[in-house]
$ cat start38.cif   # mmCIF, C-alpha atoms
data_target
loop_
_atom_site.group_PDB
_atom_site.id
_atom_site.type_symbol
_atom_site.label_atom_id
_atom_site.label_comp_id
_atom_site.auth_asym_id
_atom_site.auth_seq_id
_atom_site.Cartn_x
_atom_site.Cartn_y
_atom_site.Cartn_z
ATOM 1 C CA MET A 1 -44.044 -16.195 31.398
ATOM 2 C CA ARG A 2 -43.596 -13.520 34.093
ATOM 3 C CA ARG A 3 -43.277 -10.064 32.576
ATOM 4 C CA ILE A 4 -41.866 -8.493 35.750
ATOM 5 C CA ALA A 5 -39.516 -10.657 37.792
ATOM 6 C CA SER A 6 -39.196 -8.221 40.711
ATOM 7 C CA HIS A 7 -40.619 -4.817 41.613
ATOM 8 C CA ASP A 8 -39.751 -2.494 44.514
ATOM 9 C CA THR A 9 -40.577 1.231 44.589
ATOM 10 C CA ALA A 10 -41.020 3.997 47.168
ATOM 11 C CA ARG A 11 -42.483 7.512 47.045
ATOM 12 C CA GLN A 12 -41.583 10.524 49.199
ATOM 13 C CA GLY A 13 -42.972 13.949 48.313
ATOM 14 C CA ASN A 14 -42.135 14.626 44.672
ATOM 15 C CA SER A 15 -39.515 11.856 44.604
ATOM 16 C CA VAL A 16 -40.078 8.313 43.351
ATOM 17 C CA SER A 17 -37.311 5.700 43.522
ATOM 18 C CA GLY A 18 -37.172 1.997 42.912
ATOM 19 C CA SER A 19 -35.654 -1.072 41.312
ATOM 20 C CA ILE A 20 -37.350 -3.383 38.807
ATOM 21 C CA LEU A 21 -36.291 -6.592 37.063
ATOM 22 C CA PHE A 22 -37.851 -7.451 33.701
ATOM 23 C CA ALA A 23 -37.964 -10.647 31.673
ATOM 24 C CA ASP A 24 -40.166 -9.281 28.896
ATOM 25 C CA ALA A 25 -39.219 -6.604 26.366
ATOM 26 C CA GLU A 26 -42.791 -5.325 25.877
ATOM 27 C CA ALA A 27 -43.326 -4.734 29.596
ATOM 28 C CA PHE A 28 -39.952 -2.982 29.824
ATOM 29 C CA ALA A 29 -40.768 -0.767 26.831
ATOM 30 C CA ARG A 30 -44.145 0.218 28.258
ATOM 31 C CA GLN A 31 -43.302 0.703 31.932
ATOM 32 C CA VAL A 32 -39.728 2.036 31.728
ATOM 33 C CA CYS A 33 -38.719 3.223 28.278
ATOM 34 C CA ASP A 34 -41.912 5.131 27.591
ATOM 35 C CA SER A 35 -42.948 6.325 31.068
ATOM 36 C CA VAL A 36 -39.538 6.826 32.742
ATOM 37 C CA LEU A 37 -37.049 7.423 29.912
ATOM 38 C CA GLY A 38 -39.373 8.757 27.226
ATOM 39 C CA ALA A 39 -37.692 6.377 24.772
ATOM 40 C CA THR A 40 -38.048 3.102 22.906
ATOM 41 C CA PHE A 41 -35.759 0.083 23.068
ATOM 42 C CA ALA A 42 -35.228 -2.609 20.415
ATOM 43 C CA PRO A 43 -33.347 -5.611 21.861
ATOM 44 C CA ASP A 44 -30.939 -7.734 19.846
ATOM 45 C CA GLY A 45 -32.307 -11.260 19.827
ATOM 46 C CA GLY A 46 -35.178 -12.819 21.749
ATOM 47 C CA ASP A 47 -33.728 -13.627 25.182
ATOM 48 C CA PHE A 48 -34.495 -10.373 26.966
ATOM 49 C CA ARG A 49 -33.428 -9.367 30.482
ATOM 50 C CA ALA A 50 -33.323 -5.940 32.102
ATOM 51 C CA ALA A 51 -32.693 -4.512 35.562
ATOM 52 C CA ILE A 52 -33.277 -0.841 36.346
ATOM 53 C CA ARG A 53 -32.665 1.353 39.387
ATOM 54 C CA PHE A 54 -34.171 4.815 39.172
ATOM 55 C CA ASN A 55 -34.890 8.043 41.040
ATOM 56 C CA LEU A 56 -37.289 10.705 39.768
ATOM 57 C CA VAL A 57 -37.414 14.132 41.400
ATOM 58 C CA GLY A 58 -39.804 16.579 39.766
ATOM 59 C CA CYS A 59 -38.672 17.030 36.159
ATOM 60 C CA SER A 60 -35.248 15.465 36.784
ATOM 61 C CA GLY A 61 -34.414 11.784 36.963
ATOM 62 C CA ALA A 62 -31.660 9.183 36.927
ATOM 63 C CA ALA A 63 -31.807 5.560 35.833
ATOM 64 C CA HIS A 64 -29.151 2.854 35.864
ATOM 65 C CA LEU A 65 -29.799 0.084 33.332
ATOM 66 C CA ARG A 66 -28.311 -3.365 33.044
ATOM 67 C CA ILE A 67 -29.882 -4.719 29.917
ATOM 68 C CA THR A 68 -29.752 -7.046 26.929
ATOM 69 C CA PRO A 69 -27.833 -5.462 23.998
ATOM 70 C CA GLY A 70 -29.999 -3.385 21.688
ATOM 71 C CA VAL A 71 -30.817 0.127 20.479
ATOM 72 C CA LEU A 72 -32.238 2.878 22.691
ATOM 73 C CA THR A 73 -34.008 5.654 20.752
ATOM 74 C CA ARG A 74 -35.281 8.870 22.293
ATOM 75 C CA PRO A 75 -37.190 11.547 20.385
ATOM 76 C CA GLY A 76 -36.697 15.204 21.236
ATOM 77 C CA ARG A 77 -39.086 16.326 23.967
ATOM 78 C CA PRO A 78 -39.421 20.119 23.933
ATOM 79 C CA CYS A 79 -42.676 19.930 25.888
ATOM 80 C CA ASP A 80 -40.868 18.847 29.086
ATOM 81 C CA GLY A 81 -39.468 22.320 29.698
ATOM 82 C CA PRO A 82 -35.778 23.289 29.790
ATOM 83 C CA HIS A 83 -33.623 20.226 30.394
ATOM 84 C CA PHE A 84 -30.728 18.220 29.008
ATOM 85 C CA LEU A 85 -29.746 14.559 29.035
ATOM 86 C CA VAL A 86 -26.610 12.850 30.261
ATOM 87 C CA LEU A 87 -25.641 9.331 29.168
ATOM 88 C CA VAL A 88 -22.764 7.522 30.878
ATOM 89 C CA LEU A 89 -21.630 4.298 29.203
ATOM 90 C CA ARG A 90 -20.058 1.384 31.050
ATOM 91 C CA GLU A 91 -19.486 -0.547 27.786
ATOM 92 C CA ASN A 92 -18.920 0.286 24.118
ATOM 93 C CA GLY A 93 -21.708 1.849 22.092
ATOM 94 C CA HIS A 94 -22.555 3.807 18.968
ATOM 95 C CA LEU A 95 -24.414 7.126 19.053
ATOM 96 C CA THR A 96 -26.400 8.425 16.087
ATOM 97 C CA VAL A 97 -27.773 11.983 15.947
ATOM 98 C CA GLY A 98 -29.377 12.914 12.659
ATOM 99 C CA GLU A 99 -27.110 11.626 9.915
ATOM 100 C CA THR A 100 -24.004 11.592 12.107
ATOM 101 C CA GLY A 101 -22.790 8.546 14.000
ATOM 102 C CA ARG A 102 -19.835 8.052 16.287
ATOM 103 C CA PRO A 103 -18.446 5.132 18.317
ATOM 104 C CA LEU A 104 -18.368 5.437 22.098
ATOM 105 C CA SER A 105 -15.981 3.790 24.546
ATOM 106 C CA PRO A 106 -16.503 2.888 28.223
ATOM 107 C CA ASN A 107 -16.644 5.954 30.498
ATOM 108 C CA SER A 108 -17.931 8.119 27.653
ATOM 109 C CA VAL A 109 -20.167 10.911 28.930
ATOM 110 C CA VAL A 110 -22.684 12.156 26.368
ATOM 111 C CA VAL A 111 -24.492 15.455 27.031
ATOM 112 C CA ILE A 112 -27.490 16.023 24.751
ATOM 113 C CA GLY A 113 -29.963 18.890 24.455
ATOM 114 C CA GLY A 114 -33.486 18.002 25.583
ATOM 115 C CA ASP A 115 -34.996 18.561 22.133
ATOM 116 C CA ILE A 116 -32.410 16.461 20.258
ATOM 117 C CA GLU A 117 -33.479 13.096 18.859
ATOM 118 C CA PHE A 118 -30.886 10.318 19.064
ATOM 119 C CA SER A 119 -30.375 6.569 19.017
ATOM 120 C CA LEU A 120 -27.787 4.647 20.996
ATOM 121 C CA ALA A 121 -26.696 1.121 20.060
ATOM 122 C CA LEU A 122 -25.416 -0.693 23.137
ATOM 123 C CA SER A 123 -22.807 -3.456 22.937
ATOM 124 C CA ALA A 124 -22.548 -6.348 25.366
ATOM 125 C CA GLY A 125 -19.911 -6.268 28.080
ATOM 126 C CA THR A 126 -17.904 -9.193 29.411
ATOM 127 C CA ALA A 127 -20.956 -10.584 31.241
ATOM 128 C CA GLY A 128 -23.107 -10.445 28.098
ATOM 129 C CA ALA A 129 -25.191 -7.424 29.197
ATOM 130 C CA CYS A 130 -24.945 -3.649 28.726
ATOM 131 C CA GLU A 131 -24.727 -1.072 31.499
ATOM 132 C CA LEU A 132 -25.864 2.483 30.959
ATOM 133 C CA ASP A 133 -26.822 5.454 33.122
ATOM 134 C CA VAL A 134 -29.403 7.888 31.748
ATOM 135 C CA LEU A 135 -30.022 11.205 33.525
ATOM 136 C CA GLN A 136 -32.437 14.014 32.733
ATOM 137 C CA VAL A 137 -31.369 17.286 34.375
ATOM 138 C CA ALA A 138 -33.979 20.055 34.555
ATOM 139 C CA GLY A 139 -32.788 23.582 33.869
ATOM 140 C CA ALA A 140 -30.977 25.535 31.203
ATOM 141 C CA GLU A 141 -28.714 23.617 28.858
ATOM 142 C CA PRO A 142 -24.947 24.136 29.171
ATOM 143 C CA PRO A 143 -23.922 26.937 26.752
ATOM 144 C CA ALA A 144 -21.417 24.560 25.157
ATOM 145 C CA LEU A 145 -24.298 22.543 23.654
ATOM 146 C CA ALA A 146 -25.375 25.436 21.469
ATOM 147 C CA LYS A 147 -21.876 25.590 19.987
ATOM 148 C CA ALA A 148 -21.843 21.830 19.296
ATOM 149 C CA SER A 149 -25.257 21.400 17.617
ATOM 150 C CA GLY A 150 -26.798 20.049 20.795
ATOM 151 C CA VAL A 151 -24.425 17.130 21.501
ATOM 152 C CA VAL A 152 -21.097 16.950 23.351
ATOM 153 C CA VAL A 153 -19.178 13.712 23.992
ATOM 154 C CA THR A 154 -16.315 13.487 26.488
ATOM 155 C CA THR A 155 -14.157 10.568 27.582
ATOM 156 C CA SER A 156 -13.339 11.967 31.011
ATOM 157 C CA ALA A 157 -13.195 9.145 33.569
ATOM 158 C CA ALA A 158 -13.191 11.812 36.293
ATOM 159 C CA LEU A 159 -16.474 13.307 35.081
ATOM 160 C CA ALA A 160 -18.055 9.862 34.635
ATOM 161 C CA ASP A 161 -16.934 8.785 38.106
ATOM 162 C CA TYR A 162 -18.294 11.955 39.699
ATOM 163 C CA ILE A 163 -21.692 11.684 37.998
ATOM 164 C CA LEU A 164 -22.099 7.983 38.776
ATOM 165 C CA GLY A 165 -20.974 8.457 42.369
ATOM 166 C CA LEU A 166 -23.652 11.071 42.958
ATOM 167 C CA ALA A 167 -26.360 9.183 41.060
ATOM 168 C CA ASP A 168 -25.680 6.011 43.068
ATOM 169 C CA LEU A 169 -26.558 7.884 46.275
ATOM 170 C CA VAL A 170 -30.189 8.203 45.178
ATOM 171 C CA GLN A 171 -30.631 4.994 43.175
ATOM 172 C CA PRO A 172 -30.986 2.318 45.876
ATOM 173 C CA GLU A 173 -30.884 -1.404 45.254
ATOM 174 C CA GLY A 174 -33.968 -1.966 47.393
ATOM 175 C CA GLY A 175 -36.177 0.954 46.428
ATOM 176 C CA GLU A 176 -36.334 3.434 49.310
ATOM 177 C CA ILE A 177 -33.605 5.997 49.946
ATOM 178 C CA GLY A 178 -32.656 7.368 53.354
ATOM 179 C CA PRO A 179 -33.879 10.796 54.541
ATOM 180 C CA CYS A 180 -30.399 12.372 54.400
ATOM 181 C CA GLN A 181 -29.791 11.131 50.872
ATOM 182 C CA ARG A 182 -33.280 12.263 49.865
ATOM 183 C CA ASP A 183 -32.385 15.854 50.769
ATOM 184 C CA ILE A 184 -29.280 15.962 48.541
ATOM 185 C CA PRO A 185 -29.897 18.258 45.520
ATOM 186 C CA ILE A 186 -28.321 15.579 43.353
ATOM 187 C CA PHE A 187 -29.356 16.966 39.979
ATOM 188 C CA ASP A 188 -28.238 20.492 40.863
ATOM 189 C CA TYR A 189 -24.757 19.127 41.647
ATOM 190 C CA ILE A 190 -24.627 17.083 38.447
ATOM 191 C CA GLY A 191 -25.873 19.971 36.313
ATOM 192 C CA ALA A 192 -23.313 22.364 37.802
ATOM 193 C CA ALA A 193 -20.481 19.859 37.324
ATOM 194 C CA ILE A 194 -21.318 19.341 33.667
ATOM 195 C CA ARG A 195 -21.676 23.065 32.980
ATOM 196 C CA ASP A 196 -18.328 23.744 34.657
ATOM 197 C CA TYR A 197 -16.591 20.905 32.837
ATOM 198 C CA LEU A 198 -17.894 21.880 29.423
ATOM 199 C CA ALA A 199 -17.019 25.500 30.058
ATOM 200 C CA GLY A 200 -13.416 24.365 30.429
ATOM 201 C CA GLU A 201 -12.984 25.770 33.913
ATOM 202 C CA ASP A 202 -9.608 24.457 34.981
ATOM 203 C CA GLY A 203 -6.494 25.704 36.754
ATOM 204 C CA GLU A 204 -3.176 24.666 38.174
ATOM 205 C CA ASP A 205 -3.314 21.608 40.441
ATOM 206 C CA ALA A 206 -2.113 23.457 43.540
ATOM 207 C CA SER A 207 -4.903 26.044 43.208
ATOM 208 C CA ARG A 208 -7.744 23.543 43.004
ATOM 209 C CA PRO A 209 -10.040 23.208 46.023
ATOM 210 C CA ASP A 210 -9.053 20.492 48.531
ATOM 211 C CA HIS A 211 -5.884 19.634 46.588
ATOM 212 C CA GLY A 212 -4.025 18.868 49.823
ATOM 213 C CA LEU A 213 -6.772 16.516 50.986
ATOM 214 C CA TYR A 214 -6.775 14.904 47.545
ATOM 215 C CA GLN A 215 -3.057 14.168 47.869
ATOM 216 C CA ARG A 216 -3.541 12.699 51.359
ATOM 217 C CA ILE A 217 -6.322 10.436 50.104
ATOM 218 C CA LYS A 218 -4.103 9.270 47.238
ATOM 219 C CA GLY A 219 -1.347 8.498 49.746
ATOM 220 C CA PHE A 220 -3.762 6.487 51.877
ATOM 221 C CA ILE A 221 -4.887 4.535 48.812
ATOM 222 C CA ALA A 222 -1.272 3.712 47.895
ATOM 223 C CA GLN A 223 -0.621 2.425 51.422
ATOM 224 C CA ASN A 224 -3.765 0.294 51.605
ATOM 225 C CA VAL A 225 -3.924 -1.458 48.241
ATOM 226 C CA LYS A 226 -4.138 -4.849 49.971
ATOM 227 C CA ASN A 227 -7.213 -3.883 51.977
ATOM 228 C CA PRO A 228 -10.203 -5.575 50.280
ATOM 229 C CA ALA A 229 -12.493 -2.862 51.701
ATOM 230 C CA LEU A 230 -10.573 -0.051 49.990
ATOM 231 C CA GLY A 231 -13.180 2.081 48.265
ATOM 232 C CA ALA A 232 -15.514 5.034 48.676
ATOM 233 C CA ASP A 233 -17.063 3.879 51.968
ATOM 234 C CA LEU A 234 -13.722 3.298 53.703
ATOM 235 C CA LEU A 235 -12.184 6.524 52.387
ATOM 236 C CA ALA A 236 -15.189 8.624 53.415
ATOM 237 C CA ARG A 237 -15.066 7.196 56.955
ATOM 238 C CA THR A 238 -11.297 7.537 57.245
ATOM 239 C CA PHE A 239 -11.236 11.206 56.224
ATOM 240 C CA ALA A 240 -14.554 12.090 57.920
ATOM 241 C CA ILE A 241 -16.224 13.338 54.743
ATOM 242 C CA SER A 242 -19.342 12.331 52.866
ATOM 243 C CA LYS A 243 -19.121 10.178 49.755
ATOM 244 C CA ARG A 244 -20.488 13.110 47.779
ATOM 245 C CA LYS A 245 -17.614 15.248 49.043
ATOM 246 C CA LEU A 246 -15.141 12.462 48.253
ATOM 247 C CA TYR A 247 -16.264 12.189 44.636
ATOM 248 C CA SER A 248 -16.282 15.980 44.378
ATOM 249 C CA ILE A 249 -12.642 16.167 45.520
ATOM 250 C CA PHE A 250 -11.554 13.746 42.811
ATOM 251 C CA TYR A 251 -13.659 15.489 40.193
ATOM 252 C CA ASP A 252 -12.213 18.909 41.096
ATOM 253 C CA ASN A 253 -8.727 17.444 40.611
ATOM 254 C CA ARG A 254 -9.695 15.913 37.245
ATOM 255 C CA ALA A 255 -9.273 12.368 38.554
ATOM 256 C CA SER A 256 -11.431 9.245 38.887
ATOM 257 C CA LEU A 257 -11.661 7.564 42.302
ATOM 258 C CA HIS A 258 -12.269 4.174 40.712
ATOM 259 C CA GLU A 259 -9.324 4.531 38.317
ATOM 260 C CA THR A 260 -7.048 5.818 41.099
ATOM 261 C CA VAL A 261 -7.727 2.764 43.285
ATOM 262 C CA MET A 262 -7.451 0.404 40.329
ATOM 263 C CA THR A 263 -4.142 1.923 39.169
ATOM 264 C CA ALA A 264 -2.637 1.817 42.665
ATOM 265 C CA ARG A 265 -3.532 -1.855 43.041
ATOM 266 C CA LEU A 266 -2.253 -2.783 39.585
ATOM 267 C CA GLU A 267 1.072 -0.997 40.044
ATOM 268 C CA ALA A 268 1.643 -2.525 43.487
ATOM 269 C CA ALA A 269 0.769 -5.971 42.142
ATOM 270 C CA ARG A 270 3.183 -5.526 39.226
ATOM 271 C CA ARG A 271 6.037 -4.668 41.602
ATOM 272 C CA GLU A 272 5.456 -7.826 43.640
ATOM 273 C CA ILE A 273 5.072 -10.046 40.577
ATOM 274 C CA GLU A 274 8.263 -8.752 38.981
ATOM 275 C CA ALA A 275 10.151 -9.079 42.270
ATOM 276 C CA GLY A 276 9.379 -12.809 42.226
ATOM 277 C CA GLY A 277 8.961 -15.160 45.154
ATOM 278 C CA GLN A 278 5.163 -15.362 45.037
ATOM 279 C CA LYS A 279 2.659 -17.058 42.812
ATOM 280 C CA VAL A 280 0.806 -14.671 40.541
ATOM 281 C CA ALA A 281 -2.534 -16.025 41.781
ATOM 282 C CA SER A 282 -1.625 -15.114 45.366
ATOM 283 C CA VAL A 283 -0.555 -11.607 44.394
ATOM 284 C CA ILE A 284 -3.842 -11.094 42.552
ATOM 285 C CA LEU A 285 -5.900 -12.039 45.608
ATOM 286 C CA ASP A 286 -3.673 -10.047 47.972
ATOM 287 C CA HIS A 287 -4.312 -6.868 45.989
ATOM 288 C CA GLY A 288 -8.090 -6.931 46.116
ATOM 289 C CA PHE A 289 -8.925 -8.801 42.906
ATOM 290 C CA SER A 290 -11.342 -11.645 43.607
ATOM 291 C CA ASN A 291 -11.727 -12.380 39.884
ATOM 292 C CA PRO A 292 -8.428 -13.169 38.060
ATOM 293 C CA SER A 293 -9.940 -12.350 34.647
ATOM 294 C CA THR A 294 -10.726 -8.828 35.869
ATOM 295 C CA PHE A 295 -7.120 -8.432 36.999
ATOM 296 C CA TYR A 296 -5.615 -9.697 33.731
ATOM 297 C CA ARG A 297 -7.947 -7.560 31.596
ATOM 298 C CA ASN A 298 -7.161 -4.375 33.517
ATOM 299 C CA TYR A 299 -3.449 -5.193 33.794
ATOM 300 C CA LYS A 300 -3.152 -5.534 30.024
ATOM 301 C CA ARG A 301 -5.186 -2.351 29.486
ATOM 302 C CA HIS A 302 -2.937 -0.425 31.886
ATOM 303 C CA PHE A 303 0.506 -1.833 31.013
ATOM 304 C CA GLY A 304 -0.071 -3.085 27.468
ATOM 305 C CA ARG A 305 0.918 -6.685 28.245
ATOM 306 C CA VAL A 306 0.112 -9.595 30.546
ATOM 307 C CA PRO A 307 2.100 -9.888 33.806
ATOM 308 C CA ARG A 308 5.511 -11.529 33.698
ATOM 309 C CA ALA A 309 7.212 -12.863 36.834
#

$ encode --input "start38.cif" --output "structure tokens"
Amino acid sequence: MRRIASHDTARQGNSVSGSILFADAEAFARQVCDSVLGATFAPDGGDFRAAIRFNLVGCSGAAHLRITPGVLTRPGRPCDGPHFLVLVLRENGHLTVGETGRPLSPNSVVVIGGDIEFSLALSAGTAGACELDVLQVAGAEPPALAKASGVVVTTSAALADYILGLADLVQPEGGEIGPCQRDIPIFDYIGAAIRDYLAGEDGEDASRPDHGLYQRIKGFIAQNVKNPALGADLLARTFAISKRKLYSIFYDNRASLHETVMTARLEAARREIEAGGQKVASVILDHGFSNPSTFYRNYKRHFGRVPRA
């Protein structure tokens, strides 16, 4: 049995990035959980699969996991110097810190002090696997952690979208990242965003940075819901900004790019379905949904019912 199905890594200065596929829980525990995440993982059942994309820069790091359901446990690590952890869930989960447990929903962002021990039970998504992003951010903990016994949980889709958008820039599918992306101080941006969010820094919409550009981008999204390429790449090119800047604009306006595009497509599709004259299957495809089950699931989540012609 092959312990590692695929392995691709690259090193540049103090940065190491890569992507690895695992078919064996022991190899995953030794080479990823212990050495990269500083954690252990106990899978549910015997059929284990895991895929990880990661980027390590000095004492900071980010890892995206797609993994068999199970429990991730991380002991406190005061010896690593000042740092805090960020967990972003794509599926449901259950977090336990000390004697306290709490359920977590998709898009939950968990900020944990670096010396706090925790365990996270991960539930399977629709495809039977779990998706989780784990980030270690070097530097002083956000002051809000001290007031919350070292753990803060938010359900902000805007914050989750912003963090994942930045982390994706330096977690390549094929291992090596480009020189421009390598120079982005990704963990500084993420750390600042979390500190600002937890500090409750907010204001009126019109006074937020780039609010006018944010409104123009939203207008473009509403007018292009039938474009299958509608997403971060197209929007960044259209408005001549970087993807980092794009995600930052949505974050500053307390919005999620992914949710904004999804909502615009769903609402446009609903109008056409309720107007009649077209088959529902055609409307689904016309509005950028290649998988009907994805459309129906999100439609019911958004409108509380299945579509009716």

$ residues_around --input "start38.cif" --residues "stretch 103-118 of chain A" --least-positions-apart "5" --cutoff "8 Å" --atoms "only C-alpha atoms" --output "ChimeraX atom specification"
/A:73-78,82-98,141,145,150-157,159-160

$ closest_residue --input "start38.cif" --among "A:Tyr214, A:Ser60, A:Lys243, A:Ser149" --to "A:Asp188" --atoms "all atoms listed in the file"
A:Ser60

$ closest_residue --input "start38.cif" --among "A:Gly38, A:Pro307, A:Gly288, A:Gly191" --to "A:Gly139" --atoms "only C-alpha atoms"
A:Gly191

$ resolve_selection --input "start38.cif" --expression "the PyMOL selection byres ((chain A and resi 267) around 10)" --output "PyMOL selection string"
chain A and resi 222+225+262-266+268-273+287+299+302-303

$ residues_near_point --input "start38.cif" --point "(-11.8, 4.1, 51.0)" --cutoff "12 Å" --atoms "all atoms listed in the file" --output "MDAnalysis selection string"
chainID A and resid 216:243 246:247 257:258 260:261

$ write_last_selection --input "start38.cif" --atoms "C-alpha atoms" --output "PDB file, in the coordinates of the input"
ATOM      1  CA  ARG A 216      -3.541  12.699  51.359  1.00  0.00           C
ATOM      2  CA  ILE A 217      -6.322  10.436  50.104  1.00  0.00           C
ATOM      3  CA  LYS A 218      -4.103   9.270  47.238  1.00  0.00           C
ATOM      4  CA  GLY A 219      -1.347   8.498  49.746  1.00  0.00           C
ATOM      5  CA  PHE A 220      -3.762   6.487  51.877  1.00  0.00           C
ATOM      6  CA  ILE A 221      -4.887   4.535  48.812  1.00  0.00           C
ATOM      7  CA  ALA A 222      -1.272   3.712  47.895  1.00  0.00           C
ATOM      8  CA  GLN A 223      -0.621   2.425  51.422  1.00  0.00           C
ATOM      9  CA  ASN A 224      -3.765   0.294  51.605  1.00  0.00           C
ATOM     10  CA  VAL A 225      -3.924  -1.458  48.241  1.00  0.00           C
ATOM     11  CA  LYS A 226      -4.138  -4.849  49.971  1.00  0.00           C
ATOM     12  CA  ASN A 227      -7.213  -3.883  51.977  1.00  0.00           C
ATOM     13  CA  PRO A 228     -10.203  -5.575  50.280  1.00  0.00           C
ATOM     14  CA  ALA A 229     -12.493  -2.862  51.701  1.00  0.00           C
ATOM     15  CA  LEU A 230     -10.573  -0.051  49.990  1.00  0.00           C
ATOM     16  CA  GLY A 231     -13.180   2.081  48.265  1.00  0.00           C
ATOM     17  CA  ALA A 232     -15.514   5.034  48.676  1.00  0.00           C
ATOM     18  CA  ASP A 233     -17.063   3.879  51.968  1.00  0.00           C
ATOM     19  CA  LEU A 234     -13.722   3.298  53.703  1.00  0.00           C
ATOM     20  CA  LEU A 235     -12.184   6.524  52.387  1.00  0.00           C
ATOM     21  CA  ALA A 236     -15.189   8.624  53.415  1.00  0.00           C
ATOM     22  CA  ARG A 237     -15.066   7.196  56.955  1.00  0.00           C
ATOM     23  CA  THR A 238     -11.297   7.537  57.245  1.00  0.00           C
ATOM     24  CA  PHE A 239     -11.236  11.206  56.224  1.00  0.00           C
ATOM     25  CA  ALA A 240     -14.554  12.090  57.920  1.00  0.00           C
ATOM     26  CA  ILE A 241     -16.224  13.338  54.743  1.00  0.00           C
ATOM     27  CA  SER A 242     -19.342  12.331  52.866  1.00  0.00           C
ATOM     28  CA  LYS A 243     -19.121  10.178  49.755  1.00  0.00           C
ATOM     29  CA  LEU A 246     -15.141  12.462  48.253  1.00  0.00           C
ATOM     30  CA  TYR A 247     -16.264  12.189  44.636  1.00  0.00           C
ATOM     31  CA  LEU A 257     -11.661   7.564  42.302  1.00  0.00           C
ATOM     32  CA  HIS A 258     -12.269   4.174  40.712  1.00  0.00           C
ATOM     33  CA  THR A 260      -7.048   5.818  41.099  1.00  0.00           C
ATOM     34  CA  VAL A 261      -7.727   2.764  43.285  1.00  0.00           C
TER      35      VAL A 261
END

$ decode --input "start38.cif" --residues "stretch 194-198 of chain A" --atoms "all heavy atoms" --output "compact mmCIF listing (two decimals), in the first residue's frame"
# COMPACT_ATOMS: atom_id res chain seq x y z
N ILE A 194 -7.59 40.14 11.36
CA ILE A 194 -8.21 39.50 12.51
C ILE A 194 -8.19 40.44 13.72
O ILE A 194 -9.19 40.57 14.44
CB ILE A 194 -7.51 38.17 12.82
CG1 ILE A 194 -7.82 37.16 11.71
CG2 ILE A 194 -7.93 37.63 14.18
CD1 ILE A 194 -7.03 35.90 11.79
N ARG A 195 -7.07 41.11 13.94
CA ARG A 195 -7.01 42.05 15.07
C ARG A 195 -8.05 43.15 14.91
O ARG A 195 -8.73 43.54 15.86
CB ARG A 195 -5.60 42.63 15.18
CG ARG A 195 -4.55 41.60 15.62
CD ARG A 195 -3.19 42.25 15.81
NE ARG A 195 -2.17 41.25 16.13
CZ ARG A 195 -1.35 40.71 15.24
NH1 ARG A 195 -1.42 41.08 13.96
NH2 ARG A 195 -0.47 39.80 15.60
N ASP A 196 -8.15 43.69 13.68
CA ASP A 196 -9.13 44.76 13.44
C ASP A 196 -10.54 44.26 13.64
O ASP A 196 -11.38 44.93 14.24
CB ASP A 196 -8.97 45.30 12.01
CG ASP A 196 -7.71 46.14 11.84
OD1 ASP A 196 -7.09 46.48 12.87
OD2 ASP A 196 -7.35 46.44 10.70
N TYR A 197 -10.83 43.06 13.12
CA TYR A 197 -12.19 42.53 13.21
C TYR A 197 -12.57 42.30 14.67
O TYR A 197 -13.65 42.69 15.11
CB TYR A 197 -12.31 41.23 12.43
CG TYR A 197 -13.72 40.71 12.37
CD1 TYR A 197 -14.58 41.09 11.35
CD2 TYR A 197 -14.21 39.87 13.37
CE1 TYR A 197 -15.89 40.63 11.31
CE2 TYR A 197 -15.52 39.42 13.34
CZ TYR A 197 -16.35 39.80 12.31
OH TYR A 197 -17.65 39.36 12.28
N LEU A 198 -11.68 41.67 15.41
CA LEU A 198 -12.00 41.37 16.80
C LEU A 198 -12.06 42.62 17.66
O LEU A 198 -12.73 42.65 18.68
CB LEU A 198 -10.97 40.39 17.38
CG LEU A 198 -10.92 39.01 16.72
CD1 LEU A 198 -9.95 38.10 17.46
CD2 LEU A 198 -12.29 38.36 16.67
